[in-house]
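coords-v7.pdb, holding PDB, C-alpha atoms:
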ATOM      1  CA  MET A   1       6.243  -6.715 -34.431
ATOM      2  CA  SER A   2       4.635  -4.442 -31.832
ATOM      3  CA  ALA A   3       1.069  -3.149 -31.798
ATOM      4  CA  THR A   4       2.391   0.019 -33.472
ATOM      5  CA  GLY A   5       3.924  -1.928 -36.363
ATOM      6  CA  ARG A   6       7.503  -1.250 -35.257
ATOM      7  CA  PRO A   7      10.016  -3.985 -34.438
ATOM      8  CA  GLN A   8       9.578  -5.055 -30.828
ATOM      9  CA  THR A   9      12.553  -5.142 -28.476
ATOM     10  CA  PRO A  10      12.775  -8.524 -26.736
ATOM     11  CA  ALA A  11      10.946  -8.638 -23.425
ATOM     12  CA  MET A  12      12.886  -7.975 -20.225
ATOM     13  CA  THR A  13      13.071 -11.232 -18.307
ATOM     14  CA  ASN A  14      15.565 -10.665 -15.487
ATOM     15  CA  PRO A  15      13.878  -9.279 -12.324
ATOM     16  CA  ARG A  16      17.326  -8.595 -10.827
ATOM     17  CA  ALA A  17      18.550  -6.410 -13.674
ATOM     18  CA  ASP A  18      19.894  -2.965 -12.795
ATOM     19  CA  ARG A  19      17.180  -1.191 -14.782
ATOM     20  CA  VAL A  20      14.498  -3.107 -12.905
ATOM     21  CA  ARG A  21      16.032  -2.101  -9.591
ATOM     22  CA  ASP A  22      16.318   1.530 -10.686
ATOM     23  CA  VAL A  23      12.608   1.646 -11.484
ATOM     24  CA  ALA A  24      11.683  -0.034  -8.201
ATOM     25  CA  LYS A  25      13.676   2.570  -6.256
ATOM     26  CA  LEU A  26      11.240   5.279  -7.417
ATOM     27  CA  ALA A  27       8.796   3.907  -4.864
ATOM     28  CA  GLY A  28      11.015   5.617  -2.277
ATOM     29  CA  ARG A  29      10.750   9.348  -1.636
ATOM     30  CA  PRO A  30      14.511  10.111  -1.566
ATOM     31  CA  VAL A  31      15.020   8.745  -5.078
ATOM     32  CA  ARG A  32      11.897  10.497  -6.376
ATOM     33  CA  LEU A  33      13.151  13.808  -4.997
ATOM     34  CA  ARG A  34      16.585  13.389  -6.560
ATOM     35  CA  GLN A  35      15.317  12.344  -9.960
ATOM     36  CA  ASN A  36      12.043  14.312 -10.188
ATOM     37  CA  ARG A  37      10.336  11.155 -11.409
ATOM     38  CA  PHE A  38       7.535   8.955 -10.130
ATOM     39  CA  LEU A  39       5.646   5.768 -10.980
ATOM     40  CA  ALA A  40       2.146   5.533 -12.410
ATOM     41  CA  GLU A  41       1.019   1.934 -11.979
ATOM     42  CA  GLY A  42      -1.939   0.193 -13.568
ATOM     43  CA  PRO A  43      -3.864   0.694 -16.830
ATOM     44  CA  GLN A  44      -5.979   3.630 -15.643
ATOM     45  CA  ALA A  45      -3.067   5.716 -14.360
ATOM     46  CA  ALA A  46      -0.883   4.810 -17.353
ATOM     47  CA  ARG A  47      -3.684   5.625 -19.802
ATOM     48  CA  GLU A  48      -4.258   9.094 -18.331
ATOM     49  CA  ALA A  49      -0.508   9.744 -18.156
ATOM     50  CA  LEU A  50      -0.275   8.798 -21.834
ATOM     51  CA  ARG A  51      -3.103  11.167 -22.787
ATOM     52  CA  LEU A  52      -1.358  14.054 -21.086
ATOM     53  CA  HIS A  53       1.967  12.995 -22.569
ATOM     54  CA  LEU A  54       0.626  12.977 -26.131
ATOM     55  CA  ALA A  55      -1.248  16.259 -25.676
ATOM     56  CA  ARG A  56       1.925  17.978 -24.483
ATOM     57  CA  VAL A  57       4.088  16.510 -27.214
ATOM     58  CA  ARG A  58       1.597  17.494 -29.911
ATOM     59  CA  GLY A  59       1.576  20.997 -28.466
ATOM     60  CA  GLY A  60       5.347  21.187 -28.744
ATOM     61  CA  GLY A  61       6.000  20.790 -25.028
ATOM     62  CA  PRO A  62       7.897  18.211 -22.989
ATOM     63  CA  GLY A  63       6.311  14.797 -22.548
ATOM     64  CA  VAL A  64       5.292  13.164 -19.296
ATOM     65  CA  ILE A  65       6.163   9.500 -19.758
ATOM     66  CA  GLU A  66       9.853   8.665 -19.917
ATOM     67  CA  GLU A  67       9.462   4.885 -20.051
ATOM     68  CA  LEU A  68       6.500   2.536 -20.242
ATOM     69  CA  PHE A  69       6.820  -1.085 -19.114
ATOM     70  CA  ALA A  70       4.010  -3.563 -19.779
ATOM     71  CA  THR A  71       3.351  -7.255 -20.085
ATOM     72  CA  GLY A  72       2.291  -8.584 -23.462
ATOM     73  CA  GLU A  73      -1.104  -9.557 -22.080
ATOM     74  CA  CYS A  74      -1.682  -5.998 -20.828
ATOM     75  CA  VAL A  75      -0.843  -4.446 -24.208
ATOM     76  CA  GLU A  76      -3.202  -6.889 -25.935
ATOM     77  CA  ARG A  77      -6.004  -6.020 -23.519
ATOM     78  CA  TYR A  78      -5.328  -2.268 -23.614
ATOM     79  CA  PRO A  79      -3.943  -1.556 -27.113
ATOM     80  CA  GLU A  80      -4.320   2.191 -26.537
ATOM     81  CA  LEU A  81      -1.253   1.959 -24.289
ATOM     82  CA  ALA A  82       0.833   1.412 -27.423
ATOM     83  CA  GLU A  83      -0.562   4.412 -29.307
ATOM     84  CA  GLY A  84       2.059   7.087 -29.757
ATOM     85  CA  ILE A  85       4.656   5.463 -27.526
ATOM     86  CA  GLN A  86       6.547   2.174 -27.590
ATOM     87  CA  PRO A  87       6.030   0.124 -24.414
ATOM     88  CA  ARG A  88       8.922  -2.049 -23.273
ATOM     89  CA  LEU A  89       7.593  -5.559 -22.823
ATOM     90  CA  VAL A  90       8.404  -7.269 -19.539
ATOM     91  CA  THR A  91       7.522 -10.552 -17.897
ATOM     92  CA  HIS A  92       5.183 -10.734 -14.918
ATOM     93  CA  GLU A  93       8.184 -11.415 -12.687
ATOM     94  CA  VAL A  94       9.979  -8.283 -13.877
ATOM     95  CA  LEU A  95       6.881  -6.141 -13.427
ATOM     96  CA  ALA A  96       6.399  -7.514  -9.900
ATOM     97  CA  ALA A  97       9.999  -6.583  -9.072
ATOM     98  CA  MET A  98       9.401  -3.024 -10.325
ATOM     99  CA  SER A  99       6.032  -2.543  -8.654
ATOM    100  CA  SER A 100       5.195  -1.315  -5.173
ATOM    101  CA  THR A 101       1.993  -3.395  -5.113
ATOM    102  CA  VAL A 102       1.455  -7.019  -4.167
ATOM    103  CA  THR A 103      -0.550  -7.688  -7.334
ATOM    104  CA  PRO A 104       0.714  -5.523 -10.233
ATOM    105  CA  GLN A 105      -1.815  -4.634 -12.921
ATOM    106  CA  GLY A 106       0.353  -5.216 -15.962
ATOM    107  CA  VAL A 107       1.825  -1.782 -16.680
ATOM    108  CA  ILE A 108       4.075   0.816 -15.064
ATOM    109  CA  ALA A 109       4.904   4.250 -16.463
ATOM    110  CA  VAL A 110       7.986   6.154 -15.317
ATOM    111  CA  CYS A 111       6.837   9.773 -15.391
ATOM    112  CA  ALA A 112       8.472  13.158 -14.995
ATOM    113  CA  ASN A 113       7.059  15.273 -12.174
ATOM    114  CA  ILE A 114       4.110  17.336 -13.380
ATOM    115  CA  ASP A 115       3.440  19.750 -10.503
ATOM    116  CA  VAL A 116       3.261  23.448 -11.329
ATOM    117  CA  SER A 117       3.996  26.687  -9.505
ATOM    118  CA  LEU A 118       1.512  28.676  -7.449
ATOM    119  CA  ASP A 119       1.993  31.543  -9.903
ATOM    120  CA  HIS A 120       0.879  29.286 -12.737
ATOM    121  CA  VAL A 121      -2.356  28.430 -10.933
ATOM    122  CA  LEU A 122      -3.234  31.962  -9.828
ATOM    123  CA  GLU A 123      -2.535  33.433 -13.254
ATOM    124  CA  SER A 124      -5.327  31.250 -14.649
ATOM    125  CA  ARG A 125      -7.866  32.995 -12.347
ATOM    126  CA  PRO A 126      -9.184  29.799 -10.725
ATOM    127  CA  ARG A 127     -12.659  29.597  -9.217
ATOM    128  CA  LEU A 128     -12.303  26.442  -7.138
ATOM    129  CA  ILE A 129      -9.189  25.133  -5.393
ATOM    130  CA  ALA A 130      -8.691  22.280  -2.928
ATOM    131  CA  VAL A 131      -5.911  22.927  -0.406
ATOM    132  CA  MET A 132      -4.530  20.071   1.699
ATOM    133  CA  VAL A 133      -2.998  21.297   4.945
ATOM    134  CA  GLU A 134      -0.786  18.620   6.493
ATOM    135  CA  VAL A 135      -2.854  15.800   5.028
ATOM    136  CA  ARG A 136      -0.525  12.873   5.626
ATOM    137  CA  ASP A 137      -2.369   9.767   4.446
ATOM    138  CA  PRO A 138      -1.664   9.017   0.759
ATOM    139  CA  GLY A 139      -5.045   7.351   0.309
ATOM    140  CA  ASN A 140      -6.877  10.407   1.610
ATOM    141  CA  ALA A 141      -4.744  12.736  -0.493
ATOM    142  CA  GLY A 142      -5.517  10.752  -3.616
ATOM    143  CA  THR A 143      -9.214  10.636  -2.781
ATOM    144  CA  ILE A 144      -9.379  14.423  -2.308
ATOM    145  CA  LEU A 145      -7.520  15.057  -5.550
ATOM    146  CA  ARG A 146      -9.881  12.688  -7.383
ATOM    147  CA  ALA A 147     -12.905  14.434  -5.849
ATOM    148  CA  ALA A 148     -11.502  17.820  -6.861
ATOM    149  CA  ASP A 149     -11.135  16.576 -10.420
ATOM    150  CA  ALA A 150     -14.675  15.195 -10.459
ATOM    151  CA  ALA A 151     -16.071  18.458  -9.081
ATOM    152  CA  GLY A 152     -14.335  20.436 -11.814
ATOM    153  CA  ALA A 153     -11.857  22.182  -9.520
ATOM    154  CA  ASP A 154      -9.171  24.262 -11.174
ATOM    155  CA  ALA A 155      -6.248  23.134  -9.025
ATOM    156  CA  VAL A 156      -5.125  21.204  -5.961
ATOM    157  CA  ILE A 157      -2.520  22.618  -3.586
ATOM    158  CA  PHE A 158      -0.463  20.656  -1.053
ATOM    159  CA  THR A 159       1.051  22.733   1.707
ATOM    160  CA  ALA A 160       4.404  21.925   3.245
ATOM    161  CA  SER A 161       4.327  18.869   5.547
ATOM    162  CA  SER A 162       1.564  17.262   3.502
ATOM    163  CA  VAL A 163       2.047  13.857   1.905
ATOM    164  CA  ASP A 164       4.067  13.551  -1.278
ATOM    165  CA  ILE A 165       1.435  13.211  -4.008
ATOM    166  CA  TYR A 166       3.937  11.144  -5.995
ATOM    167  CA  ASN A 167       3.834   8.440  -3.330
ATOM    168  CA  PRO A 168       2.776   5.292  -5.262
ATOM    169  CA  LYS A 169      -0.299   4.756  -3.070
ATOM    170  CA  ALA A 170      -1.351   8.378  -3.522
ATOM    171  CA  VAL A 171      -0.922   8.147  -7.295
ATOM    172  CA  ARG A 172      -3.041   4.973  -7.397
ATOM    173  CA  SER A 173      -5.711   6.581  -5.219
ATOM    174  CA  THR A 174      -6.151   9.416  -7.710
ATOM    175  CA  ALA A 175      -7.266   6.872 -10.352
ATOM    176  CA  GLY A 176      -5.638   8.972 -13.072
ATOM    177  CA  SER A 177      -6.967  12.333 -11.874
ATOM    178  CA  LEU A 178      -3.412  13.412 -11.032
ATOM    179  CA  PHE A 179      -2.961  13.954 -14.776
ATOM    180  CA  HIS A 180      -6.124  16.035 -15.220
ATOM    181  CA  LEU A 181      -5.631  19.232 -13.232
ATOM    182  CA  PRO A 182      -2.767  21.432 -12.013
ATOM    183  CA  VAL A 183      -1.132  20.373  -8.750
ATOM    184  CA  VAL A 184       1.049  22.640  -6.605
ATOM    185  CA  HIS A 185       3.373  20.909  -4.154
ATOM    186  CA  GLY A 186       4.976  22.042  -0.891
ATOM    187  CA  VAL A 187       3.717  25.623  -0.554
ATOM    188  CA  ALA A 188       4.212  27.305   2.814
ATOM    189  CA  LEU A 189       0.861  28.263   4.303
ATOM    190  CA  ASP A 190       2.060  31.735   5.322
ATOM    191  CA  GLU A 191       2.899  32.352   1.664
ATOM    192  CA  LEU A 192      -0.294  30.823   0.314
ATOM    193  CA  MET A 193      -2.903  32.719   2.350
ATOM    194  CA  PRO A 194      -1.947  36.279   1.316
ATOM    195  CA  ARG A 195      -1.556  35.154  -2.288
ATOM    196  CA  LEU A 196      -5.085  33.739  -2.318
ATOM    197  CA  ARG A 197      -6.518  36.936  -0.855
ATOM    198  CA  ALA A 198      -4.596  39.084  -3.314
ATOM    199  CA  ALA A 199      -6.226  37.029  -6.064
ATOM    200  CA  GLN A 200      -9.640  37.712  -4.469
ATOM    201  CA  ILE A 201     -10.208  34.057  -3.642
ATOM    202  CA  ALA A 202     -12.275  33.398  -0.519
ATOM    203  CA  VAL A 203     -10.691  30.942   1.918
ATOM    204  CA  LEU A 204     -13.069  28.474   3.569
ATOM    205  CA  ALA A 205     -11.833  26.157   6.313
ATOM    206  CA  ALA A 206     -13.629  22.810   6.502
ATOM    207  CA  ASP A 207     -13.985  22.461  10.260
ATOM    208  CA  GLY A 208     -16.341  20.292  12.277
ATOM    209  CA  TYR A 209     -16.880  23.128  14.753
ATOM    210  CA  GLY A 210     -17.409  25.795  12.135
ATOM    211  CA  ASP A 211     -19.695  28.735  12.794
ATOM    212  CA  VAL A 212     -21.200  28.419   9.300
ATOM    213  CA  ASP A 213     -23.191  25.357   8.261
ATOM    214  CA  LEU A 214     -22.631  24.012   4.734
ATOM    215  CA  ASP A 215     -26.307  23.167   4.314
ATOM    216  CA  SER A 216     -27.246  26.730   5.271
ATOM    217  CA  LEU A 217     -24.814  28.091   2.702
ATOM    218  CA  GLN A 218     -26.356  25.906   0.023
ATOM    219  CA  ASP A 219     -29.880  26.937   1.030
ATOM    220  CA  GLN A 220     -28.945  30.617   0.929
ATOM    221  CA  SER A 221     -27.313  30.176  -2.455
ATOM    222  CA  ALA A 222     -30.401  28.457  -3.825
ATOM    223  CA  ARG A 223     -32.719  31.200  -2.489
ATOM    224  CA  ARG A 224     -30.452  33.868  -3.932
ATOM    225  CA  ARG A 225     -30.840  32.407  -7.396
ATOM    226  CA  LEU A 226     -34.619  32.618  -7.017
ATOM    227  CA  VAL A 227     -34.587  36.265  -6.038
ATOM    228  CA  THR A 228     -35.607  38.488  -8.918
ATOM    229  CA  SER A 229     -35.187  41.873  -7.267
ATOM    230  CA  SER A 230     -31.668  43.067  -6.505
ATOM    231  CA  SER A 231     -33.043  44.869  -3.458
ATOM    232  CA  ASP A 232     -34.121  41.612  -1.798
ATOM    233  CA  SER A 233     -31.806  40.219   0.852
ATOM    234  CA  THR A 234     -31.024  36.525   1.210
ATOM    235  CA  GLY A 235     -28.319  36.685   3.874
ATOM    236  CA  ASP A 236     -24.751  37.874   4.145
ATOM    237  CA  ASN A 237     -23.378  34.526   2.959
ATOM    238  CA  ALA A 238     -25.777  34.004   0.060
ATOM    239  CA  ALA A 239     -23.101  34.285  -2.625
ATOM    240  CA  LEU A 240     -20.269  32.679  -0.663
ATOM    241  CA  LEU A 241     -20.274  29.330  -2.464
ATOM    242  CA  GLU A 242     -20.548  31.008  -5.851
ATOM    243  CA  ALA A 243     -17.443  33.141  -5.379
ATOM    244  CA  PRO A 244     -13.919  31.989  -6.294
ATOM    245  CA  THR A 245     -13.037  29.713  -3.388
ATOM    246  CA  ALA A 246     -10.141  27.820  -1.851
ATOM    247  CA  TRP A 247     -11.214  25.075   0.566
ATOM    248  CA  LEU A 248      -8.779  24.129   3.341
ATOM    249  CA  PHE A 249      -8.791  20.462   4.399
ATOM    250  CA  GLY A 250      -6.761  19.432   7.425
ATOM    251  CA  ASN A 251      -4.864  16.575   8.979
ATOM    252  CA  GLU A 252      -6.729  13.282   9.441
ATOM    253  CA  ALA A 253      -6.234  13.156  13.207
ATOM    254  CA  GLN A 254      -5.964  16.781  14.341
ATOM    255  CA  GLY A 255      -7.861  18.586  11.606
ATOM    256  CA  LEU A 256      -6.859  22.184  10.935
ATOM    257  CA  ALA A 257      -4.702  23.932  13.532
ATOM    258  CA  PRO A 258      -6.399  26.809  15.389
ATOM    259  CA  ASP A 259      -4.198  29.442  13.753
ATOM    260  CA  VAL A 260      -5.038  28.064  10.309
ATOM    261  CA  VAL A 261      -8.753  28.155  11.061
ATOM    262  CA  GLU A 262      -8.478  31.717  12.330
ATOM    263  CA  SER A 263      -6.717  32.808   9.164
ATOM    264  CA  ALA A 264      -9.599  31.619   6.970
ATOM    265  CA  ASP A 265     -12.469  33.863   5.929
ATOM    266  CA  HIS A 266     -15.059  31.391   7.249
ATOM    267  CA  ARG A 267     -15.143  28.148   9.219
ATOM    268  CA  VAL A 268     -17.630  25.821   7.524
ATOM    269  CA  ALA A 269     -19.014  22.685   9.145
ATOM    270  CA  VAL A 270     -20.473  19.746   7.251
ATOM    271  CA  PRO A 271     -23.561  18.803   9.295
ATOM    272  CA  ILE A 272     -23.769  15.271  10.685
ATOM    273  CA  TYR A 273     -27.324  14.011  11.110
ATOM    274  CA  GLY A 274     -26.527  10.529  12.341
ATOM    275  CA  GLN A 275     -24.374   9.256  15.198
ATOM    276  CA  ALA A 276     -20.977   9.309  13.467
ATOM    277  CA  GLU A 277     -18.352  11.164  15.494
ATOM    278  CA  SER A 278     -16.895  12.808  12.406
ATOM    279  CA  LEU A 279     -16.360  12.457   8.681
ATOM    280  CA  ASN A 280     -13.243  11.155   6.993
ATOM    281  CA  VAL A 281     -11.379  14.099   5.467
ATOM    282  CA  GLY A 282     -11.782  12.667   1.981
ATOM    283  CA  THR A 283     -15.545  12.384   2.411
ATOM    284  CA  ALA A 284     -15.858  15.872   3.887
ATOM    285  CA  ALA A 285     -13.765  17.311   1.068
ATOM    286  CA  THR A 286     -15.995  15.683  -1.533
ATOM    287  CA  VAL A 287     -19.134  17.171   0.019
ATOM    288  CA  CYS A 288     -17.602  20.653   0.267
ATOM    289  CA  LEU A 289     -16.155  20.691  -3.232
ATOM    290  CA  TYR A 290     -19.413  19.549  -4.792
ATOM    291  CA  ALA A 291     -21.358  22.189  -2.883
ATOM    292  CA  SER A 292     -19.136  24.881  -4.397
ATOM    293  CA  ALA A 293     -19.194  23.260  -7.828
ATOM    294  CA  ARG A 294     -22.990  23.167  -7.883
ATOM    295  CA  ALA A 295     -23.302  26.790  -6.759
ATOM    296  CA  GLN A 296     -20.750  27.980  -9.308
ATOM    297  CA  ARG A 297     -22.382  26.128 -12.186
ATOM    298  CA  THR A 298     -26.056  26.832 -11.562
TER
END
When written as structure tokens, how does the structure in this file appear?
Amino acid sequence: MSATGRPQTPAMTNPRADRVRDVAKLAGRPVRLRQNRFLAEGPQAAREALRLHLARVRGGGPGVIEELFATGECVERYPELAEGIQPRLVTHEVLAAMSSTVTPQGVIAVCANIDVSLDHVLESRPRLIAVMVEVRDPGNAGTILRAADAAGADAVIFTASSVDIYNPKAVRSTAGSLFHLPVVHGVALDELMPRLRAAQIAVLAADGYGDVDLDSLQDQSARRRLVTSSSDSTGDNAALLEAPTAWLFGNEAQGLAPDVVESADHRVAVPIYGQAESLNVGTAATVCLYASARAQRT
């Protein structure tokens, strides 16, 4: 019997079986694009996928998880993985053949794509959005999405030519945050910018040579909150971080292209006080998103 009390299908033992190969192929972008499916590997990603799956099903909507494969040891250690869905037991060898990692963590969920439209995001009147502009590294993309989730952002947008967020490494890097907030995939930048402005969302470009300093923005925001008279002035940018905002984060090597920077409302630099040449885009994004989150929540 399974952890759910239902009869358990015998474990899959053949790592060369067709179904095993079909799952493994989802590590490749062409198959993911054709099937609109992706892999969520490891207990954390599978757990968060399951939470979203159950919430959608209970709300009468389509689920997220199409199949869940796990070793018996993993189900025993994480019994919540068997709540509301029947995992298919597999041997370690089968899981290794399915996985894109050298050391699989005991569970793989085959999930339906969960990205949403730009219309869906803007209709919700978001206050904080992270926009990745030609961010190519899956680890950085996952880190930024995870930071956006932690900062309470309302959505993450990937422009065209950015990494596929369903890349297995990117999914792992999100540590489950992929299943927590709306994600828009493959939007053309020349479509996105006017849509953001029409929604009255300020566009801030994170740029190392920005003419506005992030620390100065935070100082002005803090002073503004201390002002008791509406006639007092605290600077033109005092309320900038508190307004609905979309942060633009650029390519790891080249940053944001000049035309992209020029199209933003402000170029904002994260100050560097030590001798580092620059900040990793994931680190810079975390600092920027938290600065906005703090200003919007104080």
Exercise for the section: Identify which of the residues A:Glu252, A:Glu41, A:Asp18, A:Asp190 lies closest to Pro104 (chain A), counting all atoms listed in the file when measuring atom-to-atom distances. Expected result: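 Comparing A:Glu252, A:Glu41, A:Asp18, A:Asp190 against Pro104 (chain A), the winner is A:Glu41.
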Problem - d(CA of Ala269 (chain A), CA of Asn140 (chain A)) in Å - result: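 We find that CA of Ala269 (chain A) and CA of Asn140 (chain A) lie 18.8 Å from each other.
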Sort by chain and increasing residue number a table of all residues of region 9-84 of chain A within 10 Å of region 93-102 of chain A, each with its closest pair of atoms and their distance in Å to one decimal, counting all atoms listed in the file, and write it as CSV.
residue,atom,partner,partner_atom,distance
A:Ala11,CA,A:Val94,CA,9.6
A:Met12,CA,A:Val94,CA,7.0
A:Thr13,CA,A:Val94,CA,6.2
A:Asn14,CA,A:Val94,CA,6.3
A:Pro15,CA,A:Val94,CA,4.3
A:Arg16,CA,A:Ala97,CA,7.8
A:Ala17,CA,A:Val94,CA,8.8
A:Arg19,CA,A:Met98,CA,9.2
A:Val20,CA,A:Met98,CA,5.7
A:Arg21,CA,A:Met98,CA,6.7
A:Asp22,CA,A:Met98,CA,8.3
A:Val23,CA,A:Met98,CA,5.8
A:Ala24,CA,A:Met98,CA,4.3
A:Lys25,CA,A:Met98,CA,8.1
A:Leu26,CA,A:Met98,CA,9.0
A:Ala27,CA,A:Ser100,CA,6.4
A:Gly28,CA,A:Ser100,CA,9.5
A:Leu39,CA,A:Ser99,CA,8.6
A:Ala40,CA,A:Ser99,CA,9.7
A:Glu41,CA,A:Ser99,CA,7.5
A:Gly42,CA,A:Ser99,CA,9.8
A:Phe69,CA,A:Leu95,CA,7.6
A:Ala70,CA,A:Leu95,CA,7.4
A:Thr71,CA,A:Leu95,CA,7.6
Exercise for the section: Choose the residue, out of A:Asn113, A:Thr286, A:Ser177, A:Gln35, that has the smallest atom-to-atom separation from Arg47 (chain A); count all atoms listed in the file. Expected result: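 Of all the options, A:Ser177 lies closest to Arg47 (chain A).
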Handout entry: Contacts of Ala239 (chain A) within 9 Å, all atoms listed in the file, excl. fewer than 6 positions in-chain, as a list in words
Key = Leu217, Gln220, Ser221, Arg224 and Ala295 of chain A
Selection file, C-alpha atoms, as a CSV table (one decimal), in the frame of the given file:
chain,number,residue,atom,x,y,z
A,217,LEU,CA,-24.8,28.1,2.7
A,220,GLN,CA,-28.9,30.6,0.9
A,221,SER,CA,-27.3,30.2,-2.5
A,224,ARG,CA,-30.5,33.9,-3.9
A,295,ALA,CA,-23.3,26.8,-6.8
Starting from the PyMOL selection byres ((chain A and resi 153) around 10), expand the selection into actual residues of this file and give them as a short mmCIF file (atom, residue, chain, number, x, y, z; two decimals) with C-alpha atoms, keeping the file's coordinate frame.
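Output contents, as saved in out_33.cif:
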data_model
loop_
_atom_site.label_atom_id
_atom_site.label_comp_id
_atom_site.auth_asym_id
_atom_site.auth_seq_id
_atom_site.Cartn_x
_atom_site.Cartn_y
_atom_site.Cartn_z
CA PRO A 126 -9.18 29.80 -10.72
CA ARG A 127 -12.66 29.60 -9.22
CA LEU A 128 -12.30 26.44 -7.14
CA ILE A 129 -9.19 25.13 -5.39
CA ALA A 130 -8.69 22.28 -2.93
CA LEU A 145 -7.52 15.06 -5.55
CA ARG A 146 -9.88 12.69 -7.38
CA ALA A 147 -12.90 14.43 -5.85
CA ALA A 148 -11.50 17.82 -6.86
CA ASP A 149 -11.14 16.58 -10.42
CA ALA A 150 -14.68 15.20 -10.46
CA ALA A 151 -16.07 18.46 -9.08
CA GLY A 152 -14.34 20.44 -11.81
CA ASP A 154 -9.17 24.26 -11.17
CA ALA A 155 -6.25 23.13 -9.02
CA VAL A 156 -5.12 21.20 -5.96
CA LEU A 181 -5.63 19.23 -13.23
CA PRO A 182 -2.77 21.43 -12.01
CA THR A 245 -13.04 29.71 -3.39
CA ALA A 246 -10.14 27.82 -1.85
CA LEU A 289 -16.16 20.69 -3.23
CA TYR A 290 -19.41 19.55 -4.79
CA SER A 292 -19.14 24.88 -4.40
CA ALA A 293 -19.19 23.26 -7.83
#
Test item: the PyMOL selection byres ((chain A and resi 201) around 7) resolved as a CSV table (one decimal) with C-alpha atoms, in the coordinates of the input:
chain,number,residue,atom,x,y,z
A,196,LEU,CA,-5.1,33.7,-2.3
A,197,ARG,CA,-6.5,36.9,-0.9
A,199,ALA,CA,-6.2,37.0,-6.1
A,200,GLN,CA,-9.6,37.7,-4.5
A,202,ALA,CA,-12.3,33.4,-0.5
A,203,VAL,CA,-10.7,30.9,1.9
A,244,PRO,CA,-13.9,32.0,-6.3
A,245,THR,CA,-13.0,29.7,-3.4
A,246,ALA,CA,-10.1,27.8,-1.9
Exercise for the section: One decimal, Å: what's the distance from CA of Tyr273 (chain A) over to CA of Phe249 (chain A), could you say? Expected result: 20.7 Å
Practice task
Anything within 9 Å of (-6.6, 5.2, 0.5): list those residues as a list in words, counting all atoms listed in the file and sticking to the file's coordinates.
Solution key: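 The requested residues, written out, are Asp137, Pro138, Gly139, Asn140, Ala141, Gly142, Thr143, Lys169, Ala170, Arg172 and Ser173 of chain A.
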Exercise for the section: Rounded to one decimal place, report the CA of Ala188 (chain A)-CA of Gly63 (chain A) distance in Å. Expected result: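 Separation between CA of Ala188 (chain A) and CA of Gly63 (chain A): 28.4 Å.
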Handout entry: Residue nearest Gly186 (chain A) - candidates A:Leu52, A:Ala206, A:Met132, A:Ile65, atoms counted: only C-alpha atoms
Key = A:Met132
What box, with edges along x, y and z, holds each listed atom of region 267-277 of chain A when 4 Å is added on every side, and can you state its centre and edge lengths in Å to one decimal, as lines of an AutoDock Vina configuration file?
center_x = -21.2
center_y = 18.7
center_z = 11.4
size_x = 20.2
size_y = 26.9
size_z = 16.2
Practice task
Go through the shown structure with the PyMOL selection byres ((chain A and resi 270) around 7) and write out the matching residues as a PyMOL selection string.
Solution key: chain A and resi 208+213-214+268-269+271-272+284
Practice task
Considering all atoms listed in the file, state which residue in the set A:Leu33, A:Val90, A:Val171, A:Cys111 is at the smallest distance from His53 (chain A).
Solution key: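 Comparing A:Leu33, A:Val90, A:Val171, A:Cys111 against His53 (chain A), the winner is A:Cys111.
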Exercise for the section: Tell me which protein, DNA and RNA residues are within 8 Å of Val183 (chain A), counting only C-alpha atoms, leaving out same-chain ones fewer than 3 positions away, and put them as a VMD selection string. Expected result: chain A and resid 114 to 116 155 to 158 178
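The nearest approach to Gly84 (chain A) among the residues A:Val110, A:Leu122, A:Val163, A:Ala55, with all atoms listed in the file taken into account, belongs to A:Ala55.
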